[in-house]
>>> print(open('start.txt').read())   # compact mmCIF, C-alpha atoms and all ligand atoms
# COMPACT_ATOMS: atom_id res chain seq x y z
CA MET A 25 -74.92 -72.31 214.52
CA ARG A 26 -76.91 -69.91 216.69
CA ALA A 27 -79.88 -68.47 214.78
CA ASN A 28 -80.76 -64.80 214.50
CA PRO A 29 -83.03 -64.45 217.57
CA HIS A 30 -84.94 -61.48 216.18
CA PHE A 31 -86.90 -63.63 213.73
CA GLN A 32 -88.77 -65.09 216.72
CA LYS A 33 -90.34 -61.68 217.30
CA LEU A 34 -92.30 -61.86 214.05
CA PRO A 35 -95.80 -63.22 214.58
CA ALA A 36 -96.42 -66.49 212.72
CA GLY A 37 -99.93 -65.75 211.41
CA TYR A 38 -99.13 -63.37 208.61
CA LEU A 39 -101.90 -61.46 206.85
CA PHE A 40 -102.05 -63.05 203.40
CA PRO A 41 -101.68 -66.67 204.53
CA GLU A 42 -104.58 -66.12 206.95
CA ILE A 43 -106.69 -64.62 204.15
CA GLY A 44 -105.83 -67.63 201.97
CA ARG A 45 -106.78 -70.02 204.75
CA ARG A 46 -110.19 -68.40 205.29
CA VAL A 47 -110.95 -68.27 201.55
CA ARG A 48 -110.00 -71.95 201.11
CA ALA A 49 -112.17 -72.97 204.06
CA TYR A 50 -115.09 -70.95 202.66
CA THR A 51 -114.84 -72.27 199.11
CA ALA A 52 -114.49 -75.86 200.38
CA ALA A 53 -117.77 -75.42 202.29
CA HIS A 54 -119.46 -73.46 199.46
CA PRO A 55 -118.13 -74.93 196.19
CA ASP A 56 -120.70 -73.03 194.08
CA ALA A 57 -119.73 -69.56 195.35
CA ARG A 58 -118.00 -67.52 192.63
CA VAL A 59 -115.46 -65.71 194.80
CA ILE A 60 -113.93 -62.47 193.43
CA ARG A 61 -110.57 -61.56 194.91
CA LEU A 62 -109.97 -57.85 195.41
CA GLY A 63 -107.38 -58.53 198.07
CA ILE A 64 -103.78 -58.93 197.09
CA GLY A 65 -101.99 -55.99 195.45
CA ASP A 66 -100.84 -57.66 192.26
CA VAL A 67 -101.43 -56.47 188.71
CA THR A 68 -103.70 -58.49 186.43
CA GLU A 69 -103.09 -57.08 182.92
CA PRO A 70 -100.43 -58.83 180.79
CA LEU A 71 -97.20 -57.07 179.82
CA ALA A 72 -97.60 -54.39 177.15
CA PRO A 73 -96.65 -55.38 173.56
CA ALA A 74 -93.73 -52.90 173.41
CA ILE A 75 -92.19 -54.55 176.48
CA ILE A 76 -92.71 -58.06 175.14
CA ALA A 77 -91.11 -57.12 171.79
CA ALA A 78 -88.06 -55.63 173.53
CA MET A 79 -87.64 -58.69 175.75
CA HIS A 80 -87.98 -61.05 172.78
CA ALA A 81 -85.32 -59.09 170.89
CA ALA A 82 -83.04 -59.21 173.93
CA VAL A 83 -83.45 -62.96 174.22
CA ASP A 84 -82.44 -63.28 170.55
CA GLU A 85 -79.33 -61.16 171.20
CA MET A 86 -78.37 -63.58 173.94
CA ALA A 87 -78.51 -66.45 171.43
CA VAL A 88 -75.74 -65.02 169.24
CA ARG A 89 -72.04 -64.92 170.20
CA GLU A 90 -71.54 -61.36 168.89
CA SER A 91 -74.39 -59.88 170.93
CA PHE A 92 -74.39 -62.22 173.92
CA ARG A 93 -74.01 -60.46 177.29
CA GLY A 94 -72.66 -61.89 180.50
CA TYR A 95 -72.37 -59.91 183.70
CA GLY A 96 -73.56 -56.35 183.18
CA PRO A 97 -72.84 -53.26 185.26
CA GLU A 98 -74.20 -53.85 188.78
CA GLN A 99 -75.77 -50.39 188.78
CA GLY A 100 -77.75 -51.07 185.60
CA TYR A 101 -77.20 -50.62 181.88
CA ASP A 102 -76.77 -47.07 180.56
CA PHE A 103 -79.71 -47.46 178.16
CA LEU A 104 -82.06 -47.92 181.12
CA VAL A 105 -80.41 -45.43 183.48
CA GLU A 106 -80.51 -42.71 180.80
CA ALA A 107 -84.18 -43.41 180.04
CA ILE A 108 -84.97 -43.12 183.76
CA ARG A 109 -83.07 -39.82 184.07
CA GLU A 110 -84.85 -38.37 181.07
CA HIS A 111 -88.44 -39.52 181.57
CA ASP A 112 -88.83 -39.92 185.33
CA TYR A 113 -86.78 -36.93 186.42
CA ARG A 114 -85.70 -34.39 183.78
CA ALA A 115 -89.25 -34.27 182.42
CA ARG A 116 -90.33 -33.09 185.89
CA GLY A 117 -87.51 -30.59 186.27
CA VAL A 118 -85.34 -32.85 188.43
CA GLU A 119 -81.67 -33.61 187.67
CA VAL A 120 -80.44 -36.97 188.87
CA ALA A 121 -76.91 -38.14 187.97
CA ALA A 122 -76.38 -41.53 186.33
CA ASP A 123 -74.35 -42.76 189.30
CA GLU A 124 -77.16 -41.89 191.69
CA ILE A 125 -79.49 -44.47 190.10
CA PHE A 126 -79.13 -48.12 191.14
CA VAL A 127 -81.19 -50.57 189.07
CA SER A 128 -82.37 -53.59 191.08
CA ASP A 129 -84.74 -56.52 191.00
CA GLY A 130 -87.47 -54.53 192.73
CA SER A 131 -88.38 -52.26 195.61
CA LYS A 132 -89.21 -54.93 198.16
CA CYS A 133 -85.59 -56.08 198.07
CA ASP A 134 -84.33 -52.48 198.00
CA SER A 135 -86.35 -51.50 201.06
CA GLY A 136 -85.10 -54.52 202.97
CA ASN A 137 -81.50 -54.20 201.81
CA LEU A 138 -81.27 -50.48 202.44
CA GLN A 139 -81.41 -50.90 206.20
CA GLU A 140 -77.96 -52.52 206.10
CA LEU A 141 -76.74 -48.92 205.86
CA PHE A 142 -78.37 -47.92 209.16
CA ALA A 143 -76.72 -48.30 212.56
CA ALA A 144 -77.86 -51.38 214.48
CA ASP A 145 -79.64 -49.15 217.02
CA ALA A 146 -81.04 -46.65 214.55
CA VAL A 147 -84.49 -45.33 215.49
CA ILE A 148 -87.00 -46.11 212.75
CA ALA A 149 -90.28 -44.25 212.21
CA VAL A 150 -93.15 -45.77 210.24
CA THR A 151 -96.73 -44.82 209.54
CA ASP A 152 -99.51 -46.95 211.01
CA PRO A 153 -101.00 -48.57 208.91
CA VAL A 154 -97.90 -49.40 206.89
CA TYR A 155 -96.51 -51.59 204.08
CA PRO A 156 -95.33 -54.47 206.33
CA VAL A 157 -91.90 -54.90 204.67
CA TYR A 158 -90.49 -51.73 206.27
CA VAL A 159 -91.34 -52.97 209.75
CA ASP A 160 -90.53 -56.66 209.41
CA SER A 161 -87.12 -56.09 207.81
CA ASN A 162 -86.13 -53.87 210.73
CA VAL A 163 -87.47 -56.40 213.23
CA MET A 164 -85.23 -59.05 211.61
CA ALA A 165 -82.27 -56.70 211.98
CA GLY A 166 -82.90 -56.41 215.72
CA ARG A 167 -84.04 -52.79 215.89
CA THR A 168 -87.15 -53.58 217.96
CA GLY A 169 -88.36 -55.53 220.95
CA SER A 170 -91.05 -58.19 220.78
CA PRO A 171 -94.51 -56.96 219.76
CA GLY A 172 -96.88 -55.88 222.49
CA PRO A 173 -100.55 -56.94 222.78
CA ASP A 174 -101.49 -54.12 220.39
CA GLY A 175 -99.15 -55.59 217.74
CA ARG A 176 -96.71 -52.70 217.99
CA TYR A 177 -92.97 -53.24 218.34
CA PRO A 178 -91.20 -51.36 221.14
CA GLY A 179 -88.41 -49.25 219.71
CA LEU A 180 -90.27 -48.15 216.56
CA VAL A 181 -91.82 -44.69 216.28
CA TYR A 182 -95.38 -45.04 214.98
CA LEU A 183 -97.09 -42.22 213.12
CA PRO A 184 -100.86 -42.76 213.12
CA SER A 185 -102.47 -42.36 209.68
CA THR A 186 -106.06 -41.47 210.38
CA ALA A 187 -109.04 -39.98 208.61
CA ALA A 188 -108.39 -36.82 210.67
CA ASN A 189 -104.96 -36.30 209.07
CA GLY A 190 -106.06 -37.50 205.64
CA PHE A 191 -103.89 -40.62 206.16
CA CYS A 192 -100.80 -38.43 205.72
CA PRO A 193 -99.32 -37.94 209.20
CA ALA A 194 -97.33 -34.77 209.85
CA PRO A 195 -93.76 -35.09 211.17
CA PRO A 196 -93.62 -35.85 214.90
CA ASP A 197 -92.18 -33.50 217.54
CA ARG A 198 -89.30 -35.87 218.12
CA GLY A 199 -86.53 -36.93 215.74
CA ALA A 200 -85.64 -40.36 214.34
CA ASP A 201 -82.82 -41.75 212.25
CA VAL A 202 -85.04 -42.98 209.43
CA VAL A 203 -88.64 -42.52 208.34
CA TYR A 204 -90.36 -44.58 205.65
CA LEU A 205 -92.92 -42.65 203.61
CA CYS A 206 -95.00 -44.21 200.85
CA SER A 207 -96.98 -41.99 198.47
CA PRO A 208 -99.33 -42.78 196.80
CA ASN A 209 -99.88 -45.01 199.77
CA ASN A 210 -100.32 -48.72 200.08
CA PRO A 211 -102.66 -49.52 201.86
CA THR A 212 -104.63 -46.26 202.33
CA GLY A 213 -104.49 -44.91 198.77
CA ALA A 214 -103.67 -41.45 200.18
CA VAL A 215 -101.28 -39.16 198.30
CA MET A 216 -98.93 -36.62 199.82
CA THR A 217 -99.03 -33.04 198.59
CA ARG A 218 -96.09 -30.74 198.00
CA ASP A 219 -96.77 -29.13 201.38
CA ASP A 220 -96.81 -32.52 203.14
CA LEU A 221 -93.46 -33.48 201.62
CA THR A 222 -91.97 -30.06 202.26
CA ALA A 223 -92.77 -30.44 205.97
CA TRP A 224 -91.08 -33.84 206.04
CA VAL A 225 -87.97 -32.57 204.26
CA ALA A 226 -87.70 -29.72 206.79
CA TRP A 227 -88.12 -32.18 209.67
CA ALA A 228 -85.42 -34.46 208.24
CA HIS A 229 -83.01 -31.50 207.95
CA GLN A 230 -83.79 -30.44 211.51
CA HIS A 231 -83.21 -33.93 212.96
CA ASP A 232 -80.51 -35.28 210.61
CA ALA A 233 -82.96 -37.98 209.59
CA LEU A 234 -83.15 -39.99 206.38
CA ILE A 235 -86.43 -40.19 204.44
CA VAL A 236 -86.92 -43.46 202.56
CA PHE A 237 -89.48 -42.42 199.97
CA ASP A 238 -91.38 -45.27 198.31
CA ALA A 239 -92.84 -44.04 195.03
CA ALA A 240 -93.94 -47.46 193.73
CA TYR A 241 -97.33 -45.99 192.74
CA GLU A 242 -96.24 -42.61 191.34
CA ALA A 243 -97.57 -43.50 187.88
CA TYR A 244 -101.08 -43.64 189.36
CA ILE A 245 -101.09 -39.95 190.29
CA GLN A 246 -103.78 -38.29 188.18
CA ASP A 247 -103.24 -34.65 189.16
CA PRO A 248 -100.13 -33.35 187.34
CA THR A 249 -99.51 -30.72 190.01
CA LEU A 250 -98.92 -33.36 192.73
CA PRO A 251 -95.26 -34.29 193.21
CA ARG A 252 -94.22 -37.67 191.78
CA SER A 253 -90.74 -37.62 193.22
CA ILE A 254 -89.54 -36.36 196.57
CA PHE A 255 -86.71 -34.72 194.65
CA GLU A 256 -89.24 -32.19 193.33
CA ILE A 257 -89.00 -30.71 196.85
CA ALA A 258 -86.15 -28.26 197.51
CA GLY A 259 -83.59 -29.66 199.95
CA ALA A 260 -84.68 -33.29 199.49
CA ARG A 261 -81.37 -34.36 197.94
CA GLU A 262 -79.64 -33.91 201.31
CA VAL A 263 -82.15 -36.05 203.24
CA ALA A 264 -83.93 -38.58 201.02
CA VAL A 265 -83.55 -41.72 198.95
CA GLU A 266 -86.31 -42.74 196.53
CA MET A 267 -87.50 -46.22 195.61
CA ARG A 268 -89.17 -46.78 192.25
CA SER A 269 -90.48 -49.98 190.75
CA PHE A 270 -91.71 -51.18 187.36
CA SER A 271 -94.04 -53.61 189.19
CA LYS A 272 -97.20 -51.53 189.44
CA ARG A 273 -96.42 -49.01 186.74
CA ALA A 274 -95.71 -51.56 183.97
CA GLY A 275 -96.88 -54.93 185.26
CA PHE A 276 -93.40 -56.17 186.28
CA THR A 277 -94.46 -57.92 189.49
CA GLY A 278 -93.38 -61.24 187.97
CA VAL A 279 -90.58 -59.84 185.79
CA ARG A 280 -88.78 -57.94 188.60
CA CYS A 281 -87.14 -54.56 188.07
CA GLY A 282 -86.90 -51.38 190.11
CA PHE A 283 -84.36 -48.79 191.11
CA LEU A 284 -83.17 -46.77 194.04
CA VAL A 285 -82.03 -43.16 193.79
CA VAL A 286 -79.32 -42.19 196.29
CA PRO A 287 -78.17 -38.57 195.86
CA LYS A 288 -74.50 -37.76 196.39
CA GLU A 289 -75.32 -34.94 198.82
CA LEU A 290 -76.66 -37.44 201.38
CA ARG A 291 -74.51 -37.73 204.49
CA ALA A 292 -74.87 -39.98 207.49
CA VAL A 293 -72.85 -39.83 210.69
CA GLY A 294 -69.87 -42.21 210.81
CA ALA A 295 -68.55 -44.07 213.85
CA GLY A 296 -66.18 -41.23 214.73
CA GLY A 297 -68.78 -38.52 214.09
CA GLU A 298 -67.44 -37.86 210.58
CA PRO A 299 -69.80 -37.47 207.63
CA VAL A 300 -70.11 -40.54 205.39
CA SER A 301 -71.63 -40.64 201.90
CA LEU A 302 -74.68 -42.87 201.63
CA ASN A 303 -74.22 -42.98 197.86
CA ALA A 304 -70.72 -44.42 198.34
CA MET A 305 -71.98 -46.88 200.94
CA TRP A 306 -74.89 -48.02 198.80
CA SER A 307 -72.62 -48.35 195.77
CA ARG A 308 -70.28 -50.52 197.84
CA ARG A 309 -73.14 -52.65 199.11
CA HIS A 310 -74.88 -52.98 195.74
CA THR A 311 -71.72 -53.95 193.85
CA THR A 312 -70.70 -56.39 196.59
CA LYS A 313 -73.98 -58.22 197.05
CA PHE A 314 -75.79 -57.78 193.72
CA ASN A 315 -74.70 -58.70 190.21
CA GLY A 316 -77.22 -56.63 188.32
CA ALA A 317 -80.76 -57.11 187.05
CA SER A 318 -81.06 -59.39 184.02
CA TYR A 319 -80.23 -57.85 180.62
CA VAL A 320 -83.51 -59.09 179.12
CA VAL A 321 -85.47 -57.55 181.98
CA GLN A 322 -83.66 -54.21 181.71
CA ARG A 323 -84.43 -54.11 177.96
CA GLY A 324 -88.07 -54.68 178.87
CA ALA A 325 -87.94 -51.89 181.46
CA ALA A 326 -86.32 -49.48 178.99
CA ALA A 327 -89.14 -50.21 176.52
CA VAL A 328 -91.56 -48.70 179.06
CA TYR A 329 -90.09 -45.30 178.12
CA THR A 330 -90.52 -45.64 174.35
CA PRO A 331 -93.49 -43.82 172.80
CA ASP A 332 -95.39 -47.12 172.41
CA GLY A 333 -94.39 -48.28 175.88
CA LEU A 334 -95.56 -45.05 177.48
CA ALA A 335 -98.86 -45.15 175.60
CA GLN A 336 -99.52 -48.83 176.37
CA THR A 337 -98.58 -48.74 180.06
CA GLY A 338 -100.46 -45.44 180.41
CA ALA A 339 -103.57 -47.16 179.03
CA GLN A 340 -103.18 -49.99 181.57
CA ILE A 341 -102.96 -47.53 184.43
CA ALA A 342 -106.01 -45.67 183.10
CA PHE A 343 -107.83 -49.01 183.01
CA TYR A 344 -106.99 -49.78 186.65
CA MET A 345 -107.91 -46.26 187.70
CA GLU A 346 -111.30 -46.59 186.00
CA ASN A 347 -111.74 -49.80 188.03
CA ALA A 348 -110.88 -47.78 191.13
CA ARG A 349 -113.48 -45.16 190.20
CA ILE A 350 -116.17 -47.82 189.68
CA LEU A 351 -115.35 -49.39 193.06
CA ARG A 352 -115.25 -46.06 194.84
CA ASP A 353 -118.58 -44.91 193.41
CA GLY A 354 -120.21 -48.29 194.02
CA LEU A 355 -119.05 -48.38 197.63
CA ALA A 356 -120.21 -44.82 198.24
CA ARG A 357 -123.64 -45.65 196.74
CA ALA A 358 -123.84 -48.67 199.06
CA GLY A 359 -123.35 -46.27 201.99
CA PHE A 360 -119.65 -46.78 202.74
CA THR A 361 -117.22 -44.05 203.68
CA VAL A 362 -114.37 -44.42 201.20
CA PHE A 363 -110.87 -42.98 200.89
CA GLY A 364 -108.11 -43.39 198.32
CA GLY A 365 -108.64 -44.69 194.79
CA GLN A 366 -108.08 -41.28 193.18
CA HIS A 367 -104.30 -41.35 192.78
CA ALA A 368 -103.72 -44.98 193.75
CA PRO A 369 -105.15 -48.38 192.81
CA TYR A 370 -106.36 -48.96 196.39
CA ILE A 371 -109.65 -48.06 198.04
CA TRP A 372 -109.56 -47.72 201.82
CA LEU A 373 -113.03 -47.99 203.28
CA GLU A 374 -114.45 -47.73 206.75
CA THR A 375 -116.04 -50.91 208.00
CA PRO A 376 -119.64 -50.56 209.27
CA PRO A 377 -119.93 -49.29 212.87
CA GLY A 378 -119.05 -51.92 215.45
CA THR A 379 -117.55 -54.25 212.83
CA THR A 380 -113.84 -55.09 213.05
CA SER A 381 -111.72 -55.45 209.93
CA TRP A 382 -111.68 -59.26 210.20
CA GLN A 383 -115.43 -59.44 210.95
CA PHE A 384 -116.04 -57.39 207.82
CA PHE A 385 -113.72 -59.72 205.88
CA ASP A 386 -115.91 -62.68 206.91
CA GLN A 387 -119.16 -60.80 206.17
CA LEU A 388 -117.99 -59.73 202.75
CA LEU A 389 -116.84 -63.24 201.89
CA ASP A 390 -119.98 -64.90 203.21
CA ARG A 391 -122.60 -62.48 201.89
CA ALA A 392 -121.02 -61.07 198.71
CA HIS A 393 -118.34 -63.66 197.91
CA LEU A 394 -115.79 -60.85 197.77
CA VAL A 395 -112.28 -60.97 199.21
CA GLY A 396 -110.48 -57.88 200.43
CA THR A 397 -107.73 -57.14 202.92
CA PRO A 398 -108.47 -56.32 206.58
CA GLY A 399 -106.96 -52.97 207.49
CA SER A 400 -105.77 -54.25 210.87
CA GLY A 401 -103.27 -56.45 208.99
CA PHE A 402 -101.33 -53.27 208.15
CA GLY A 403 -101.12 -52.02 211.74
CA PRO A 404 -103.32 -51.30 214.76
CA ASN A 405 -104.58 -48.04 213.27
CA GLY A 406 -105.89 -49.99 210.29
CA GLU A 407 -108.53 -51.55 212.57
CA GLY A 408 -111.97 -50.52 211.37
CA PHE A 409 -110.75 -50.17 207.78
CA PHE A 410 -110.57 -52.44 204.76
CA ARG A 411 -108.52 -52.35 201.55
CA LEU A 412 -109.93 -53.18 198.13
CA SER A 413 -107.64 -53.32 195.13
CA ALA A 414 -108.47 -52.08 191.62
CA PHE A 415 -106.22 -54.71 190.04
CA ASN A 416 -108.82 -56.91 188.38
CA SER A 417 -110.86 -57.41 185.21
CA ARG A 418 -113.61 -54.91 184.45
CA ASP A 419 -116.20 -57.69 184.61
CA ASN A 420 -115.13 -58.66 188.11
CA VAL A 421 -115.11 -55.07 189.32
CA GLU A 422 -118.58 -54.41 187.89
CA GLU A 423 -119.89 -57.64 189.40
CA ALA A 424 -118.34 -56.71 192.76
CA VAL A 425 -120.18 -53.39 192.75
CA VAL A 426 -123.49 -55.12 191.95
CA ARG A 427 -122.99 -57.48 194.88
CA LEU A 428 -122.01 -54.64 197.25
CA ALA A 429 -125.22 -52.78 196.32
CA ARG A 430 -127.32 -55.92 196.84
CA VAL A 431 -125.82 -56.83 200.20
CA PHE A 432 -125.15 -53.44 201.79
CA GLY A 433 -127.07 -50.88 199.71
C1 LIG B 501 -95.88 -53.38 195.29
C2 LIG B 501 -95.10 -52.45 196.15
C3 LIG B 501 -93.74 -52.22 195.91
C4 LIG B 501 -93.05 -52.85 194.74
O1 LIG B 501 -92.33 -53.94 195.11
P1 LIG B 501 -91.48 -54.74 194.03
O2 LIG B 501 -90.56 -55.55 194.87
O3 LIG B 501 -90.76 -53.74 193.20
O4 LIG B 501 -92.43 -55.58 193.25
C5 LIG B 501 -93.06 -51.35 196.73
N1 LIG B 501 -93.68 -50.71 197.73
C6 LIG B 501 -94.98 -50.88 197.97
C7 LIG B 501 -95.62 -50.12 199.06
C8 LIG B 501 -95.73 -51.76 197.19
O5 LIG B 501 -97.03 -51.93 197.44
>>> encode(input="start.txt", output="structure tokens", more="lines below")
Ligand SMILES: *Cc1c(COP(=O)(O)O)cnc(C)c1O
Amino acid sequence: MRANPHFQKLPAGYLFPEIGRRVRAYTAAHPDARVIRLGIGDVTEPLAPAIIAAMHAAVDEMAVRESFRGYGPEQGYDFLVEAIREHDYRARGVEVAADEIFVSDGSKCDSGNLQELFAADAVIAVTDPVYPVYVDSNVMAGRTGSPGPDGRYPGLVYLPSTAANGFCPAPPDRGADVVYLCSPNNPTGAVMTRDDLTAWVAWAHQHDALIVFDAAYEAYIQDPTLPRSIFEIAGAREVAVEMRSFSKRAGFTGVRCGFLVVPKELRAVGAGGEPVSLNAMWSRRHTTKFNGASYVVQRGAAAVYTPDGLAQTGAQIAFYMENARILRDGLARAGFTVFGGQHAPYIWLETPPGTTSWQFFDQLLDRAHLVGTPGSGFGPNGEGFFRLSAFNSRDNVEEAVVRLARVFG
């Protein structure tokens, strides 16, 4: 068997393994250091009681012949799809049809799987810095060359996210087949406004491009006037798909559930120049390669939308956002320039002058026993920046701020 050659283009030393290696080496040499990890973007609060109760009840149903369920609908059970339509969309004035929602085991898989719908030589645009999944999955599919010395892959269109553009790049002068947009953003914590999204929707119409909108962090938006869905923007149904996940909004990182919205208006260009429906293509792909998210998990996800579920998960998000506020204020008091953390659980800070992202990683670990994520791991434009996550206990966050003040203040 000849292997897929494109995998060789991916650099071996991936970000999180390298962080793990440095932390292990440090703790082995300094066994008394109490290291606080503000690095990896994973939730820390347990599942809300309403979700646990619904999952327990679903497990009990599975134990009885009369209520046992085998294969479910690949697209997702009606009880979950209807709750999504009502609470995530209708409540914000957006109509999404039941057969435009595809329940899945999470957005990472969806973002990787989705590119099966793109032509092999489709031109992909990404922000820099970026959530690495969008890039690496397209590298695996052969849409790029080998990375250059700056870490960029030839063939991709990079959109620099900088302090000057508020980490929300405007559409480029050129077109592309696909652009990945993530708002609120991982890693920068930036959030796109209605005007930002409107400009992107206009660009996509002009260039026949597809916007892949990753709204994994929409529940963290604090300002109710900011858009939570790209479908709040007029004309978006013809040019965008939207990824949503229960991972960050309800603590499902280990439970696994998300969904993709693919409007029926979306058209791509077929081999003979004819219009083809992306909804039909995705439906074909999803029902061919996926047999549905687990019944128990979908019952848990539906419980997020009950009054108790909404109140409990809302309180968790408020807790993380208070962590973000404490981190942001503490960093600012210690003299750092900070971004993000207002509508996202991530703080994006500038490293001190002349200090690279990895040098700052080592300094922070050595002097404050804190672990974060070097911005350069998310793309060349992340150099000189550093990501801290608000997913942690209050005690750890407060202790982190005390150490930052002592070391840098
Ligand atoms: C965490 C995260 C997701 C969610 O991924 P799941 O596979 O649903 O857990 C999606 N996009 C971004 C940018 C994320 O950070």
>>> residues_near_ligand(input="start.txt", ligand="ligand LIG 501 (chain B)", cutoff="6 Å", atoms="only C-alpha atoms and all ligand atoms", output="PyMOL selection string")
chain A and resi 130-133+155+210+238+240+269+271+277+282
>>> write_last_selection(input="start.txt", atoms="C-alpha atoms", output="JSON list (two decimals), in the frame of the given file")
[["chain", "number", "residue", "atom", "x", "y", "z"],
["A", 130, "GLY", "CA", -87.47, -54.53, 192.73],
["A", 131, "SER", "CA", -88.38, -52.26, 195.61],
["A", 132, "LYS", "CA", -89.21, -54.93, 198.16],
["A", 133, "CYS", "CA", -85.59, -56.08, 198.07],
["A", 155, "TYR", "CA", -96.51, -51.59, 204.08],
["A", 210, "ASN", "CA", -100.32, -48.72, 200.08],
["A", 238, "ASP", "CA", -91.38, -45.27, 198.31],
["A", 240, "ALA", "CA", -93.94, -47.46, 193.73],
["A", 269, "SER", "CA", -90.48, -49.98, 190.75],
["A", 271, "SER", "CA", -94.04, -53.61, 189.19],
["A", 277, "THR", "CA", -94.46, -57.92, 189.49],
["A", 282, "GLY", "CA", -86.90, -51.38, 190.11]]
>>> atom_distance(input="start.txt", atom1="atom CA of Tyr101 of chain A", atom2="atom CA of Met267 of chain A")
17.7 Å
>>> atom_distance(input="start.txt", atom1="atom CA of Thr330 of chain A", atom2="atom CA of Leu71 of chain A")
14.3 Å
>>> residues_around(input="start.txt", residues="Gln139 of chain A", least_positions_apart="2", cutoff="10 Å", atoms="all atoms listed in the file", output="JSON, numbers by chain")
{"A": [134, 135, 136, 137, 141, 142, 143, 144, 146, 148, 158, 161, 162, 165, 202, 236]}
>>> residues_around(input="start.txt", residues="Pro171 of chain A", least_positions_apart="4", cutoff="10 Å", atoms="all atoms listed in the file", output="PyMOL selection string")
chain A and resi 33-35+163+175-179
>>> atom_distance(input="start.txt", atom1="atom CA of Pro184 of chain A", atom2="atom CA of Asp152 of chain A")
4.9 Å
>>> residues_around(input="start.txt", residues="segment 360-375 of chain A", least_positions_apart="5", cutoff="8 Å", atoms="only C-alpha atoms", output="ChimeraX atom specification")
/A:208-215,241,244-247,344-345,348-349,351-352,355,380-381,384,408-415
>>> closest_residue(input="start.txt", among="A:Pro287, A:Pro248, A:Pro73, A:Gly63", to="Phe126 of chain A", atoms="all atoms listed in the file")
A:Pro287
>>> residues_near_point(input="start.txt", point="(-75.9, -45.6, 193.6)", cutoff="10 Å", atoms="all atoms listed in the file", output="number ranges by chain")
A: 98-100, 121-127, 283-288, 302-311
>>> residues_around(input="start.txt", residues="Gly406 of chain A", least_positions_apart="5", cutoff="9 Å", atoms="only C-alpha atoms", output="ChimeraX atom specification")
/A:152-154,185-186,212,381,398-401
>>> axis_aligned_box(input="start.txt", around="segment 75-79 of chain A", padding_each_side="5 Å", output="JSON")
{"center_x": -90.2, "center_y": -56.6, "center_z": 174.1, "size_x": 15.1, "size_y": 14.1, "size_z": 14.7}
>>> closest_residue(input="start.txt", among="A:Thr249, A:Thr397, A:Ser170, A:Thr68", to="Leu39 of chain A", atoms="all atoms listed in the file")
A:Thr397
>>> closest_residue(input="start.txt", among="A:Asp66, A:Glu289, A:Asp112, A:Asp390", to="Gly259 of chain A", atoms="only C-alpha atoms")
A:Glu289
>>> closest_residue(input="start.txt", among="A:Val203, A:Ala258, A:Phe103, A:Arg430", to="Val159 of chain A", atoms="only C-alpha atoms")
A:Val203
>>> closest_residue(input="start.txt", among="A:Pro97, A:Pro376, A:Gly166, A:Gly44", to="Gln32 of chain A", atoms="all atoms listed in the file")
A:Gly166
>>> residues_around(input="start.txt", residues="Val321 of chain A", least_positions_apart="6", cutoff="10 Å", atoms="all atoms listed in the file", output="JSON list (two decimals) with C-alpha atoms, keeping the file's coordinate frame")
[["chain", "number", "residue", "atom", "x", "y", "z"],
["A", 75, "ILE", "CA", -92.19, -54.55, 176.48],
["A", 76, "ILE", "CA", -92.71, -58.06, 175.14],
["A", 78, "ALA", "CA", -88.06, -55.63, 173.53],
["A", 79, "MET", "CA", -87.64, -58.69, 175.75],
["A", 82, "ALA", "CA", -83.04, -59.21, 173.93],
["A", 83, "VAL", "CA", -83.45, -62.96, 174.22],
["A", 129, "ASP", "CA", -84.74, -56.52, 191.00],
["A", 276, "PHE", "CA", -93.40, -56.17, 186.28],
["A", 279, "VAL", "CA", -90.58, -59.84, 185.79],
["A", 280, "ARG", "CA", -88.78, -57.94, 188.60],
["A", 281, "CYS", "CA", -87.14, -54.56, 188.07],
["A", 327, "ALA", "CA", -89.14, -50.21, 176.52]]
>>> build_atoms(input="start.txt", residues="segment 408-414 of chain A", atoms="N, CA and C atoms", output="PDB file, in the frame of the given file")
ATOM      1  N   GLY A 408    -110.803 -51.295 211.757  1.00  0.00           N
ATOM      2  CA  GLY A 408    -111.970 -50.520 211.370  1.00  0.00           C
ATOM      3  C   GLY A 408    -111.916 -50.059 209.914  1.00  0.00           C
ATOM      4  N   PHE A 409    -110.878 -50.505 209.208  1.00  0.00           N
ATOM      5  CA  PHE A 409    -110.750 -50.170 207.780  1.00  0.00           C
ATOM      6  C   PHE A 409    -110.530 -51.451 206.965  1.00  0.00           C
ATOM      7  N   PHE A 410    -110.645 -51.294 205.658  1.00  0.00           N
ATOM      8  CA  PHE A 410    -110.570 -52.440 204.760  1.00  0.00           C
ATOM      9  C   PHE A 410    -110.028 -51.964 203.425  1.00  0.00           C
ATOM     10  N   ARG A 411    -109.105 -52.750 202.831  1.00  0.00           N
ATOM     11  CA  ARG A 411    -108.520 -52.350 201.550  1.00  0.00           C
ATOM     12  C   ARG A 411    -109.091 -53.170 200.411  1.00  0.00           C
ATOM     13  N   LEU A 412    -109.550 -52.493 199.365  1.00  0.00           N
ATOM     14  CA  LEU A 412    -109.930 -53.180 198.130  1.00  0.00           C
ATOM     15  C   LEU A 412    -108.996 -52.703 197.031  1.00  0.00           C
ATOM     16  N   SER A 413    -108.585 -53.637 196.180  1.00  0.00           N
ATOM     17  CA  SER A 413    -107.640 -53.320 195.130  1.00  0.00           C
ATOM     18  C   SER A 413    -108.364 -53.202 193.791  1.00  0.00           C
ATOM     19  N   ALA A 414    -107.881 -52.285 192.945  1.00  0.00           N
ATOM     20  CA  ALA A 414    -108.470 -52.080 191.620  1.00  0.00           C
ATOM     21  C   ALA A 414    -107.814 -52.966 190.566  1.00  0.00           C
TER      22      ALA A 414
END
